[in-house]
Each structure stands twice: as C-alpha cells, then as structure tokens.
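Structure first, commentary second.
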2 protein chains.
Amino acid sequence: MKRILILLSLCAGISLSAATHPVLLLTKKGVADMKESLGSVPKFDRSVEQLVAEADAALLKALCIPEPKDGGGGYSHEMHKLNYYDMYACGVAYQLTGKKAYAEKVKEILYSYAEMYPQLGYHPLGLSKTPGRIFWQTLNETVWLVHTSVAYDCVYDFLSSKDRSYLEKNLFRPMAEFIMNGTPDYTENNVTFNKMHNHGSWATTAVGMIAIAMGDDDMLDKALYGSDKTGKNGGFVKQLDYLFSPDGYFTEGAYYHRYAIWPFVTFAQCIDNYRPELKIFEYRDGIILKAVNALVQMAYDGVFLRFNDALEKDYNAQELIYAVSIAYNADKTNKMLLSIARDYQDKVLVSDAGYAVAKAVVDGEAEEVRFSSVFYRDGGKGDEGGIAFIRSADPDLNSLVSFKATSHGLSHGHYDKLTFAYYDNGNEIITDYGASRFVNIEAKYKGHYTHQNKSYAMSTIAHNTLVVDEKSHFDGKIKVSSKYHSDIYHVDFDNPGFQVVAAKETNAAPGVEMFRCLAYAEVPFLEYPLIMDVLKADSDTPHQYDYPIHYNGHMINLSVPYDRALEVMKPLGKENGYHHLWVEAQAKGGEQTTAYTWLTGHRMYSISTNTTPDTEVYLARIGANDPDFNLRNEPMYMLREKNASDHVFASCVETHGKYDLQVEQSANLVRSCKGVEVYSNDEALVVKYSFINDNSVLFCVAFKDNSTDAEHTVEVDGKPVKWTGPVSMSIN
Amino acid sequence: MKRILILLSLCAGISLSAATHPVLLLTKKGVADMKESLGSVPKFDRSVEQLVAEADAALLKALCIPEPKDGGGGYSHEMHKLNYYDMYACGVAYQLTGKKAYAEKVKEILYSYAEMYPQLGYHPLGLSKTPGRIFWQTLNETVWLVHTSVAYDCVYDFLSSKDRSYLEKNLFRPMAEFIMNGTPDYTENNVTFNKMHNHGSWATTAVGMIAIAMGDDDMLDKALYGSDKTGKNGGFVKQLDYLFSPDGYFTEGAYYHRYAIWPFVTFAQCIDNYRPELKIFEYRDGIILKAVNALVQMAYDGVFLRFNDALEKDYNAQELIYAVSIAYNADKTNKMLLSIARDYQDKVLVSDAGYAVAKAVVDGEAEEVRFSSVFYRDGGKGDEGGIAFIRSADPDLNSLVSFKATSHGLSHGHYDKLTFAYYDNGNEIITDYGASRFVNIEAKYKGHYTHQNKSYAMSTIAHNTLVVDEKSHFDGKIKVSSKYHSDIYHVDFDNPGFQVVAAKETNAAPGVEMFRCLAYAEVPFLEYPLIMDVLKADSDTPHQYDYPIHYNGHMINLSVPYDRALEVMKPLGKENGYHHLWVEAQAKGGEQTTAYTWLTGHRMYSISTNTTPDTEVYLARIGANDPDFNLRNEPMYMLREKNASDHVFASCVETHGKYDLQVEQSANLVRSCKGVEVYSNDEALVVKYSFINDNSVLFCVAFKDNSTDAEHTVEVDGKPVKWTGPVSMSIN
C-alpha cells in the first residue's frame with residue numbers, strides 16, 4: 001500500500017516548493033532549539049564543541065585541493081576527505097554560531113572545487129571499475145557529495161544567487177550527472193546508480209541530497225525512483241525494497257549493513273524533512289528502522305559480528321552515530337538506541353536527530369538494549385534462507401551462537417553455507433576470519449582487499465562448515481553461488497533452555513546434500529550451556545568430508561596421540577584456501593570420540609565429536625603461501641572423513657572451568673563429555689552425548705520431515721527413542 | 001643501626017607476654033572499629049559481605065580432607081587450598097560477627113587436619129625437591145599455614161585450652177617443625193627455611209605467624225633470625241637485607257616481586273602488631289615499603305612488566321590486595337596506594353589495614369599514582385647492575401621503555417643481559433616472552449613450568465638483546481650466570497626530552513664485550529618520541545651477532561625484498577631456543593639501512609637499523625620443536641651480522657600514525673627515518689639518523705669514559721662533532 005502511495009505522488013509529478021534552508025540534516029526550528037539548549041545537554045555540548053573545534057581548525061588551514069592521484073590512505077585521497085569533513089564542520093558550525101568565517105570557508109573550498117572539477121578526467125589510479133574523478137572510485141565521490149551537500153545546505157542562504165549558480169553549474173550538477181551517468185564514453189556509473197547494491201545507495205543518496213539542497217525535484221525523483229523515474233528499474237525506494245529482507249537484514253552481512261545504513265538513514269532524514277508526506281520511515285512497514293534494529297542485534301559486546309567480508313567495527317563507528325541518532329528521532333519509542341548512544345558512542349550527530357538523542361539521554365529515558373535470540377530472513381522477499389543468532393537467556397552469561405544459511409550476499413559474500421560461530425564471556429571462541437584487508441594502508445595492496453581475501457578468507461575451509469573434496473562451496477564461483485541460497489528447516493527459540501536452528505543446503509557441493517542442526521541447551525549437570533551440532537552429508541558417491549573448527553585461544557589438549565610438525569611444516573593442501581594452512585599436527589581419530597580443548601580468556605572450551613580410527617585429525621595454522629604477510633596466523637582444528645558418502649559429524653561444544661590467574665584459582669578445567677555416538681535411520685537420528693557421572697544428553701533430530709506433529713523413532717542402545725516434531729532433547 | 005637494635009632485642013632473649021587475640025592481621029581494637037563502621041564504607045562493606053558469603057558457603061559444605069595426591073590444579077590440591085580459604089573466611093567472619101558457627105567450622109576443619117597430618121608421609125607426586133605432605137611442594141604447605149594461622153588466631157579465644165593443646169601438638173608444631181627442618185631422613189626444608197629466596201620467605205612467614213598465634217617466642221625468633229637464631233645464617237630479617245636491593249627491587253623481577261611481597265607484608269604486619277618495638281616497617285630505611293612502591297612502578301596499565309619468569313598478573317592480584325592495604329596502613333602518607341585500591345582492586349583486605357584503606361578512599365584521600373622514569377639497583381648492596389624503566393614525560397602518552405642489566409635473578413631469572421622492551425598506547429610493542437607455564441592446568445605439564453620455559457623462554461634469543469654465535473648468555477648455565485651481573489654505565493632521566501640509560505656486559509659471551517645505550521627522545525619533527533638504540537659488540541675474534549626484536553602486531557612492511565617461506569617452513573637453528581623459531585622469511589640487508597614496520601592497535605611502529613647487503617634479515621615465528629603446543633606463536637624480526645668482531649647495531653624505533661578503523665581515517669602510516677649511519681672512533685661514536693624533509697638526529701655516545709666532564713669528538717661526514725659527557729643528542 002505504502003509503495004503505491006509513493007508511486008502516486010511521483011506520477012502526479014508534483015514539484016514541491018523550494019525549501020527553506022537548512023533542510024537536510026538540520027532544520028531552522030532544530031537549529032533554534034539547539035542554540036537555545038546549548039550548555040544544558042552535556043553530550044550534545046561536547047559534540048558541538050568538537051565540531052566547532054574542527055571548524056576552527058579548518059579556518060586556519062591553507063586551501064589545499066591536490067591533483068587527484070593516490071588511492072585510499074594516500075595523500076590526495078586523504079586530503080579530499082579532510083576537505084569534505086572541513087566543509088561539513090564549517091557548514092554546521094555556521095548554522096549554530098552564525099559566524100560568517102565558517103560560511104566563507106565553505107564557499108572558498110567549494111569555489112576551488114568548482115574551478116578544478118570541470119577540468120578533471122578520470123582518476124589516474126585505474127584500479128576501480130567505476131573510477132571517480134576526485135577519488136580513485138566513484139563511491140568515495142558520492143561520500144564527498146553527501147557531506148558537501150550538507151555543507152552547501154547550511155550556507156545556502158549565506159551565498160549569493162550568483163555564487164549558487166556558479167557552484168551548481170560548475171560543480172554540483174556536473175558531479176551529480178557524473179554519478180548518475182558517468183561520461184558519454186563510459187557509462188558504468190549509470191549501472192551503479194540504478195543498481196541494487198550499497199554503492200547504488202550511496203549514489204542515489206548523494207544525488208538526492210544535492211538535489212534537495214538545490215531544490216531540484218526532477219533530480220530528486222531520479223534519486224528516489226531511478227534514472228527513468230519509474231521506480232521500477234532503480235532508485236532509493238527500490239533499494240529499500242530489494243536490499244533489505246522483510247526483517248531488515250542487509251544481504252551482504254553485518255559489516256556492510258553497517259556501511260549501507262549510513263546513506264539510508266541519512267537520505268531518509270533529508271527526504272523526511274523535504275517531502276514529509278512520503279513518510280519514508282514508515283515505508284515497507286518501517287524497513288529502515290527495522291534495519292537499524294537488526295544491525296544493533298548483530299553485534300557482540302558492541303562489536304559487529306564477523307561473517308562475509310568484515311573487519312572490526314563497533315557501535316562507535318561513524319555510521320552508527322548517524323543511524324542511532326536518526327532512527328531514534330524517527331521513532332522515539334525505541335529507547336534502547338539511547339543506551340547505545342550513551343554507553344558506546346563518543347558523540348552524537350550535531351543535527352536535529354543527534355540533539356533529540358542527547359536530550360533524551362539527559363532526561364534519563366535510555367533503556368538497556370534487550371538482546372535476544374533472533375532469526376532474520378534473507379532476500380528481498382524473505383525467502384532466501386536466513387541467519388540466526390542464538391543468545392544465552394541470562395544476559396550475564398553473554399553467549400552468542402551464530403548460524404549462517406543465507407544467499408550469497410553480493411560481492412562481499414563468502415561462499416560458505418551452514419556456518420556457525422561462537423562468542424562467550426567477551427571473547428570470540430569459534431571464529432569467522434572475516435575479510436583480509438588493511439583499509440587505507442598503502443603498503444598492504446594499497447588498502448584494498450588483499451589477494452588472500454579471495455584465496456583464503458572467502459574460501460569455505462576458512463569457515464566452520466562442511467568442505468567437500470577440498471573445494472569451496474559452489475567451487476568458489478560467485479555466478480553460481482548467487483543463484484542459490486540455503487533453506488531454513490526449523491527455527492525455535494521459544495524455550496530458552498533448548499534453542500534450535502536447522503537448515504539444508506543442496507547446491508553448494510553438487511551431489512551432496514547438507515543438513516545442519518545446532519542447539520544451544522541448558523543442561524543441569526553442566527556449568528554452562530552446551531552447544532550441540534549435527535552436520536550431516538548425504539551423497540550417492542564417496543567424498544572427502546572436512547569439518548574445520550577455527551578457534552581463538554591456546555591449545556590445551558587433544559584426546560588422541562598426535563604427530564607434531566617439529567622440524568618442517570607444510571601446507572594442508574594445494575588450493576581453495578587449503579594452501580594457506582600450515583599443518584601443525586596430525587592424528588588418527590579416537591575409537592568412538594575425539595575431543596579437543598583450548599583456553600580462551602578465563603574459560604576452557606572443549607569440542608567432542610564422533611570419530612573412528614579412520615578419521616584424520618589436523619591441527620593447522622593460517623599463514624602458508626602468503627607472500628606479503630597479509631593473513632593473521634590463527635589456529636584451526638579439523639576432522640576429516642575420507643571415502644564417505646553419508647556421514648554425520650555430531651559434536652558438542654562445552655564451556656567449562658574458571659581460570660583466574662590473579663587469584664590462582666582454577667576449577668573444572670577438564671571436559672565432562674566422554675563420548676559421542678550417533679544412532680540413525682533414514683529419516684531421523686539421535687546423538688547420544690555421554691558425560692562423567694553417568695550423565696547423558698540425547699539430541700534427537702528428524703531431518704526429513706520438519707512438521708511439528710510428526711512422530712519419530714530411532715533405536716538407541718537397542719531401545720526405541722521416540723519424539724514428536726523436528727527436534728527434541730532428553731537429559732538423563 | 002636498626003639492624004643492631006633488632007639483634008639486641010634478640011640477644012636480650014626477652015620473651016614477650018602472650019598476646020591477646022586476634023593479633024596477626026586483625027586486632028581487638030581494629031575489629032571494634034570495623035564493626036562500628038559497618039554500613040558506612042562501601043568498599044569495605046562489600047569486601048566483608050563477600051568474605052561472610054564465603055564463610056556462609058563454607059558452613060554448608062561437607063567436610064572434605066582428601067588424601068594428598070594431585071599436583072597444582074588437581075582435585076586434592078585445589079580442595080586443600082579451598083579448605084584454607086574457608087578457614088580463613090570463617091575465622092575472620094567469626095571476629096566480625098561473633099557467630100559461633102564460623103568458629104565451629106574452623107575447629108572442625110582443624111581437627112580433621114590434626115588427625116590426618118601426623119599420619120602423612122611425603123606427598124606421592126615426587127616432582128619437587130622440597131615435597132610437602134598435604135601438597136606436592138612444601139611451598140604450598142607454607143601458604144596453607146599462613147592462612148590457617150590467621151584462622152587459628154581469630155578463633156583462639158573460642159577454643160578451649162584442650163582444643164588448642166591438641167591442635168598445636170598434632171598439627172601446628174609438627175607442621176612448623178616440618179617446614180623448618182623437614183624430616184630426619186630428608187632435611188632439604190631446613191635449607192629452604194634458611195635460604196635467601198622467596199620460598200624461604202614463605203617458610204619463615206608461616207612459621208613466624210603460627211608462632212605468634214601460639215605465643216611461642218622461641219619459634220618466632222627462629223622465623224625472624226634463622227634456625228640458629230643468630231640472624232646471620234637465615235631468617236626473615238636477613239631476607240629483608242638480602243632479597244631486596246637498597247631501592248626495594250626484588251632480584252627475581254616484577255612477577256616474583258609480586259609473589260614475594262605477600263609474605264613480607266603479611267608477616268611484617270603480624271610482627272608490627274606483636275612486637276611493635278621492632279619497628280619492622282622502618283627496618284633498613286623502610287625496605288618493605290620501598291619494595292611495595294617499586295612493585296607499583298613496575299607495571300604498565302596496572303599489569304606487571306614481563307621479564308625473567310613472568311605470567312600475566314596485575315594490581316588486582318591477591319598479593320597486591322595485601323601489599324597495598326598493609327603498606328598504606330604502615331605509612332599513611334603514601335596516598336597513591338589508595339588510588340590503586342580504588343581503581344584496580346575489586347576488594348580490600350578484611351583487616352585493620354584494609355579497613356584503613358577503604359575508609360581513606362571514602363574520605364577522598366586517594367592520590368593518583370605518579371609514574372616516572374626510575375632506575376633500581378639490583379643486589380643486596382645495590383652493586384649488581386640494575387633495571388631501568390623510562391616513561392614518557394606526558395602521562396597521556398603512556399609509553400614505557402624497560403632496560404634490564406641486572407644480576408641473574410635466582411632460579412626465576414633469564415639469561416639475557418642488556419635487554420629492552422617497549423610499551424605504548426596500552427599495548428606491548430617490543431615484547432619479552434616471559435615464562436612458559438600454564439599455572440594449575442594439569443594437561444600442560446601439570447601446571448608446572450614447561451620444558452620450553454628452559455629451552456625457549458629463558459634462552460637469550462627469546463629476548464631483545466645481542467646473541468653471540470647462537471648461544472644464550474653464559475651459555476645458558478645458571479651457575480655461571482649467577483656469578484656475574486651487568487654494570488650500569490650511565491643513567492640520566494633528568495631531561496624528559498632526552499632520557500638515557502647505558503650499561504656494559506663483559507661476561508655473558510666470553511671474549512665479547514657488550515655495551516648498550518638506549519635513549520628516549522622528544523624530537524620536534526616526529527609525531528611521538530623516538531627510541532634510539534646503540535648495541536655495540538667488541539671482540540678480538542670474529543663472531544656471529546644476532547639482533548632480535550620480538551614484537552606484538554601485524555607485519556606491514558620490510559624495506560628490502562624478501563624470500564617468504566611459502567610451501568615449507570623450517571626452524572632458525574638447532575638449539576638454544578633457535579630451534580623453536582620457524583623462519584617465515586629471509587632477506588639481505590639494505591645498502592645502508594634496513595627498516596621494518598608493524599601495526600599494533602591504532603599505531604604504526606618502525607625500526608630502522610644500519611645494515612649492509614651482507615646483513616642477513618629474518619622474520620620468524622615461535623612454535624617449532626614444540627611437541628605439546630606449549631609456546632605462543634609470536635613473531636620476531638632479526639638482523640644477523642656474520643664474521644663480525646667489532647660491530648654496532650644502531651637503531652631507532654619510531655612510533656607513528658593513527659589508524660582508526662571506526663572513522664576510517666589514517667595519517668602518517670609511513671615511517672620517517674630514511675637512513676642510519678654510524679661514525680665511530682675507539683672511544684666514542686655518533687649515530688646519524690636521517691629523516692624525511694632533510695631532518696636528522698645525531699646520537700652521540702662515548703662508550704669508554706662515562707665522566708660527565710670528558711670531551712669527545714667524532715668525525716661525521718668529514719666534520720668534527722663534539723660533545724661533553726657520556727651522551728649527547730643534536731637535532732637538525
């Protein structure tokens with residue numbers, strides 16, 4: 001319905017009246033309120049002071065508009081970034097102080113760019129498919145224009161109409177045209193502008209914001225509804241339909257969700273100020289606000305979870321300052337955002353929204369973030385698998401299990417399906433490598449994604465899931481991977497003592513059906529909840545199945561004797577990421593079970609898995625075939641089944657013990673699990689986990705029929721075990 | 001003088017009257033004050049609540065006095081530890097609450113031990129030279145007795161004289177006898193009891209405390225003045241003379257200083273309560289309080305510095321709770337200790353001293369700790385070298401350079417001389433491995449020091465100093481190493497812009513004289529202070545000189561092309577720690593200079609050193625020949641000069657750049673140093689460090705004559721450079 005409304009307003013072709021300025025992130029009324037309040041809202045005051053200090057520093061700087069030359073981290077790149085930050089700071093400072101020097105500074109810088117810009121060809125670096133003119137890629141140019149639009153909006157009334165005409169003609173319109181269409185001889189930018197991709201969101205946002213600042217409704221319509229203004233083939237609104245799932249999940253994963261949210265919330269705020277009748281924050285059942293909430297949930301201790309391409313980013317990232325401020329301002333019932341601003345963020349946005357946040361925090365309205373187990377569907381329609389985050393019911397326990405069974409996730413997706421990771425007690429325990437990149441460091445492949453991002457980080461062996469025949473899922477071919485997604489089989493977080501998620505994957509390894517079921521269970525005789533993992537591979541033909549567990553911590557104990565690489569170390573394989581792993585030790589599996597224990601922080605972690613003496617056991621470490629030292633040297637534990645057609649890897653991960661060096665007290669440092677046995681028939685299986693003191697847990701999984709009322713029976717130790725529904729647990 | 005007084009009081013043979021109880025850590029008056037104040041001093045209240053909760057938990061426990069069997073971390077070991085903690089908690093709780101159940105519990109446990117103890121032979125584990133009876137080593141038995149003495153003291157008046165006679169006869173006297181003398185057939189404990197070693201301090205403290213609790217002045221005299229009560233051949237007082245240098249430095253290093261301080265402050269407090277006329281806290285110019293202050297200084301961000309055998313311990317370690325409480329109580333002008341209690345420690349001691357600290361904190365008397373550059377002499381007389389800690393003048397900069405030129409440091413010393421390490425911005429940057437040990441973890445060599453502690457951690461290649469011919473200093477022979485110490489050549493921290501320390505070492509590598517001079521200098525054209533390092537080796541015969549730099553962080557750039565180990569990795573050498581290092585890459589040195597840059601946290605670190613194309617360059621990583629995965633996989637950068645007789649390694653370590661992923665801003669990521677040249681004659685040298693923008697720093701070092709008025713001249717670039725005194729710097 002809401003989509004129709006937006007299209008109607010478009011079809012009516014109503015050209016709205018030119019706005020009063022400012023209108024993007026600040027409004028006349030907002031500025032008046034902020035000025036009025038100065039001195040009474042500490043965090044806002046500090047944010048203003050910081051911004052004014054930046055503006056004052058900018059006033060002292062000599063103009064420096066270098067010839068575009070360097071990539072990220074290089075001189076010209078960083079200088080052009082500083083220029084837009086300076087203009088932004090001066091523009092907003094002008095609004096808050098009325099001091100004309102700030103506006104003059106913006107004008108001076110803008111004039112310099114207006115002189116240079118029309119002379120520029122493409123950036124000389126030649127490393128991007130969509131090169132910019134000021135920057136090596138158009139993407140950075142859109143970010144430049146987003147910031148500069150705000151600055152222009154802020155000094156709009158200060159400039160003469162002659163100034164504005166000159167700047168718009170020589171700088172803003174050519175740049176918007178370039179972002180929308182590229183150049184006559186190279187129109188790749190037009191593809192991006194209309195693309196369902198975070199670069200496209202930046203492009204529409206940049207063009208839309210300068211359009212609003214200039215009062216150009218036609219240009220704004222292109223930003224909102226695509227180059228053809230139909231809303232069908234591109235534009236910000238279609239991006240809102242396409243890039244987020246109905247649950248607000250951004251298909252590239254948490255790290256790019258964080259990046260993508262920036263243009264979405266920023267442009268949405270501008271639209272809401274300029275065309276409030278669009279009710280953009282309510283569009284698609286409030287998709288932008290849902291996306292902010294989903295992003296907040298996809299963090300552990302304030303740091304975003306690593307999966308797909310991901311580096312370390314946290315709630316204090318600048319995008320989150322925008323997202324938290326703007327989302328709270330759009331929905332003041334969402335008071336959890338206030339505690340994020342209060343506890344994690346160094347500052348608030350100096351804008352109407354940021355002021356609203358800082359004021360509400362001072363007024364004591366902040367509520368703690370309620371983290372809970374969540375499942376987000378992937379895909380614009382929500383039918384392309386999904387991702388689950390299981391959390392401990394007791395927030396003090398601070399545990400999280402993630403499970404990825406999504407679509408590929410565009411260019412920043414990794415190939416792995418049915419991957420899990422584990423966070424506990426403030427640490428990453430079972431890890432996802434994330435991306436191999438050193439942003440802005442010239443010495444590291446000029447700050448771009450390194451070659452090892454593709455050769456290792458994206459490979460499936462770099463993840464905690466099944467690898468078939470030493471090949472990445474979909475053989476590492478993004479064109480194939482992008483066609484498919486995993487299918488969610490069962491999700492149930494209603495019982496905090498037995499939270500379960502399960503999914504199937506039938507395309508990642510041709511001829512092999514994969515099924516994984518993860519449970520996070522409270523077991524009375526164990527110190528901490530138990531993770532149970534069933535990873536099942538089915539095939540008509542024999543394969544090699546690898547079950548890697550990447551962990552963070554120090555090796556404590558392997559339950560079987562092993563051969564350690566003492567004098568020579570060699571890689572695990574030849575390709576597909578295997579060539580990046582040094583084999584530190586090899587072993588044969590235990591008669592029935594193999595267990596491995598490591599220490600992270602103040603706790604022990606033990607994984608016990610069903611094995612036979614034919615199982616091969618490996619301890620490995622990342623770093624082989626890495627000529628430029630781009631990879632981190634992290635450890636891996638792996639089980640390998642050779643010549644298997646149907647196989648079930650059944651494991652449990654125990655969290656146990658207290659290891660406190662300060663008082664030199666320790667307890668429960670030895671794992672409790674003594675055996676893992678799998679009993680199965682052709683539609684269901686039971687894993688029996690045996691523990692010390694004759695305790696046991698039965699994990700019952702029906703892998704063919706996920707209906708909640710179907711009954712299942714599996715014979716265990718000669719006796720039938722019966723249950724109803726896809727999963728069940730019994731503790732003995 | 002004070003020593004004479006103490007001996008006089010001893011010679012007079014005065015037997016002091018039996019004390020009122022409690023008298024060890026608590027006093028009657030103290031207990032009255034504490035009870036009076038309950039509810040008004042939050043931190044003390046919380047500490048009491050915690051202790052009473054422990055006592056209450058103990059009341060609910062069934063008695064469990066297992067047969068001595070396990071080593072550290074094992075069941076019987078941990079249970080006997082819990083028992084002394086339980087008795088301690090119940091004893092003190094009884095004093096504060098008067099609740100008899102607590103005293104009954106102490107009595108119950110004591111009776112059980114009194115029944116068992118006389119039956120016990122030596123502990124069966126057989127891993128210690130001084131095995132205990134309850135524990136695998138007598139050391140743990142002394143700790144047991146220290147805690148239990150406090151418990152006994154607290155319930156002394158509650159017990160009947162029959163109880164006391166029984167317990168003293170069957171438990172305390174036999175145990176004290178065992179600690180003092182061992183058994184008739186194995187008297188090694190007597191050696192330890194009279195030894196100048198931290199085990200000896202625990203032994204005298206335990207015996208002395210139970211002696212005070214029992215009112216046995218003869219036994220107390222043995223604890224104070226050794227088995228023969230002369231004060232000449234052993235005892236606590238001699239330990240105070242011998243184990244600490246006149247500056248309060250404990251010869252084993254910060255980690256064991258932390259451990260050793262516990263019996264010293266604890267027993268001193270008891271002595272001060274029982275024999276106040278000894279003025280034990282004033283003894284030897286206040287050596288105990290000096291030792292506490294030195295310990296406080298030997299930490300970075302509250303974590304003790306790693307050198308010699310060392311694991312991670314911080315201000316919150318239980319020993320520090322004792323040390324800070326007792327030292328403040330003994331000298332209430334030392335208000336810096338209050339901020340340590342306030343900011344780092346979770347609790348205070350529930351004792352007169354702990355109450356004094358908590359009360360003073362509430363009264364707002366805490367002062368911030370003033371860290372400054374310090375130099376501590378080593379050796380009882382202060383003439384056995386020393387250790388320096390240079391700190392940035394600006395505390396916000398939070399930088400520290402350590403320099404070790406001490407004696408060996410008893411059994412926990414490492415062989416390396418003239419070693420340096422660097423801490424900056426909250427991180428270890430140039431690191432010392434510390435010890436290889438997993439305290440209390442049975443799976444790791446039963447929690448003892450691992451074999452790799454000797455084969456790697458103690459080896460000289462594991463440290464940042466000169467290694468000659470791939471041998472550890474003193475060829476790794478403690479008997480040889482213990483005879484010698486380095487000699488301090490020059491220390492000057494008066495000018496915060498140019499802080500310098502230099503030392504010589506002539507015995508570590510026979511036939512090779514080593515000299516090292518480190519400067520921490522503020523250089524106007526650099527972002528952060530510069531570390532300059534001159535490491536000079538002199539010999540009549542050719543040697544191989546290795547210059548290893550162990551660092552924490554990720555490799556960013558090496559200034560010369562290198563061969564990376566891609567498919568095969570092999571160890572750096574065959575023995576002396578070299579066999580534990582995998583060679584990750586090899587290179588030839590640059591024509592004049594070789595530089596290496598790594599990233600730690602948000603900053604870059606670059607070391608530039610004079611080299612020639614004959615210099616060999618290595619990048620290595622710990623982990624080879626480590627069958628049990630006991631070592632941490634940390635990286636090393638190393639320069640090697642082969643067939644050199646006289647050689648100077650001259651380096652500078654630059655701290656530069658800002659790398660902030662949250663805002664994706666970066667600056668100054670590339671090192672500024674462009675060249676390092678050494679100019680020398682037979683008595684002095686000048687290192688010329690050249691930087692971008694034609695800047696340079698001359699570091700002038702006279703290595704033969706350290707008099708402050710001697711004049712020196714070295715020709716640099718054909719021109720004489722002149723200075724006066726051992727070191728000088730000129731910035732151009």
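Chain identifiers are assigned as A, B, and so on, following the order in which chains appear in the structure tokens; residues are numbered from 1 within each chain, and ligands are numbered from 1 in order of appearance.
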
May I have the residues within 6 Å of Cys154 in chain A as a ChimeraX atom specification, using only C-alpha atoms and disregarding those fewer than 2 positions away in the same chain? /A:22,91,151-152,156

Go ahead and write the selection's residues with N, CA and C atoms as a short mmCIF file (atom, residue, chain, number, x, y, z; two decimals), in the first residue's frame.
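File selection_24.cif, as written:
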data_model
loop_
_atom_site.label_atom_id
_atom_site.label_comp_id
_atom_site.auth_asym_id
_atom_site.auth_seq_id
_atom_site.Cartn_x
_atom_site.Cartn_y
_atom_site.Cartn_z
N PRO A 22 18.38 25.54 6.52
CA PRO A 22 18.76 24.18 6.11
C PRO A 22 17.56 23.24 6.10
N GLY A 91 30.09 24.21 7.75
CA GLY A 91 28.68 24.48 7.40
C GLY A 91 27.80 24.40 8.64
N ALA A 151 26.98 20.70 3.84
CA ALA A 151 27.66 21.99 3.98
C ALA A 151 27.00 23.06 3.11
N TYR A 152 26.69 22.69 1.89
CA TYR A 152 26.06 23.64 0.95
C TYR A 152 24.69 24.08 1.48
N TYR A 156 23.63 27.85 2.28
CA TYR A 156 22.84 28.21 1.10
C TYR A 156 22.39 29.68 1.17
#

Residue contacts of range 51-53 of chain B (6 Å, only C-alpha atoms) excluding same-chain residues fewer than 3 positions away, as a list in words: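 Counting only the stated atoms, we get Val48, Asp56, Ala89 and Ala93 of chain B.
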
Output N, CA and C atoms for every residue in the selection just made, as a JSON list (two decimals), in the first residue's frame.
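result.json was written with the following content:
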[["chain", "number", "residue", "atom", "x", "y", "z"],
["B", 48, "VAL", "N", 33.57, -7.25, 53.15],
["B", 48, "VAL", "CA", 33.07, -8.04, 54.28],
["B", 48, "VAL", "C", 31.94, -8.96, 53.82],
["B", 56, "ASP", "N", 29.76, -18.32, 54.82],
["B", 56, "ASP", "CA", 28.46, -18.98, 54.84],
["B", 56, "ASP", "C", 28.45, -20.19, 53.92],
["B", 89, "ALA", "N", 38.22, -17.46, 55.86],
["B", 89, "ALA", "CA", 36.97, -16.70, 55.79],
["B", 89, "ALA", "C", 36.16, -16.88, 57.07],
["B", 93, "ALA", "N", 35.31, -14.00, 59.67],
["B", 93, "ALA", "CA", 33.87, -13.75, 59.81],
["B", 93, "ALA", "C", 33.44, -13.89, 61.28]]

Please identify all polymer residues within 7 Å of Tyr122 in chain B, counting only C-alpha atoms, omitting same-chain residues fewer than 2 positions from it, and present them as a compact mmCIF listing (two decimals) with C-alpha atoms, in the first residue's frame.
# COMPACT_ATOMS: atom_id res chain seq x y z
CA LEU B 120 51.19 -38.34 56.35
CA PRO B 124 53.34 -39.01 46.40
CA PRO B 131 57.93 -32.07 48.62
CA GLY B 132 55.24 -31.25 51.13
CA ARG B 133 52.90 -33.61 52.92

Skipping near chain neighbours, those fewer than 6 positions away, what residues fall within 6 Å of range 287-304 of chain A using only C-alpha atoms, listed as a list in words? Gly248, Lys313, Asp314, Tyr315 and Ala327 of chain A

My list of candidates is A:Ala508, A:Met209, A:Met116, A:Val106. Which is closest to Ser481 in chain A when distances are computed with only C-alpha atoms?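 Counting only C-alpha atoms, the residue closest to Ser481 in chain A is A:Ala508.
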
Output the contact residues of chain B with respect to chain A at a cut-off of 7 Å, based on only C-alpha atoms, as a PyMOL selection string. chain B and resi 73+313-314+316-318+440+443-444+555-557+564+566-571+624-627+629+661-663+666

Neighbour list for range 482-488 of chain A as an MDAnalysis selection string, cut-off 12 Å, only C-alpha atoms, skip fewer than 2 positions in-chain: chainID A and resid 251:252 375:379 382:388 403:419 473:474 476:480 490:492 500:509 513:517 703 706

Taking only C-alpha atoms into account, name the residue in A:Phe44, A:Tyr605, A:Tyr322, A:Phe691 that is nearest to Val523 in chain A. A:Phe691

Residues of range 391-463 of chain B classed as helix (DSSP H, G or I) by DSSP on the backbone are to be reported as a list in words. Leu410, Ser411, His412, Tyr445, Lys446, Gly447, His451, Gln452, Asn453, Lys454, Ser455, Tyr456, Ala457, Thr460, Ile461 and Ala462 of chain B

With distances taken over only C-alpha atoms, which of A:Arg671, A:Arg640, A:Arg164, A:Lys359 is nearest to Tyr528 in chain A? A:Arg671

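Interatomic distance, CA of Lys229 in chain B against CA of Asp247 in chain B: 27.0 Å.
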
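Between CA of Tyr547 in chain A and CA of Gln499 in chain A the separation is 22.6 Å.
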
Thr724 in chain A surroundings by only C-alpha atoms, 12 Å radius, close-in-sequence under 4 positions cut, as a ChimeraX atom specification: /A:684,700-702,705-714,728-729
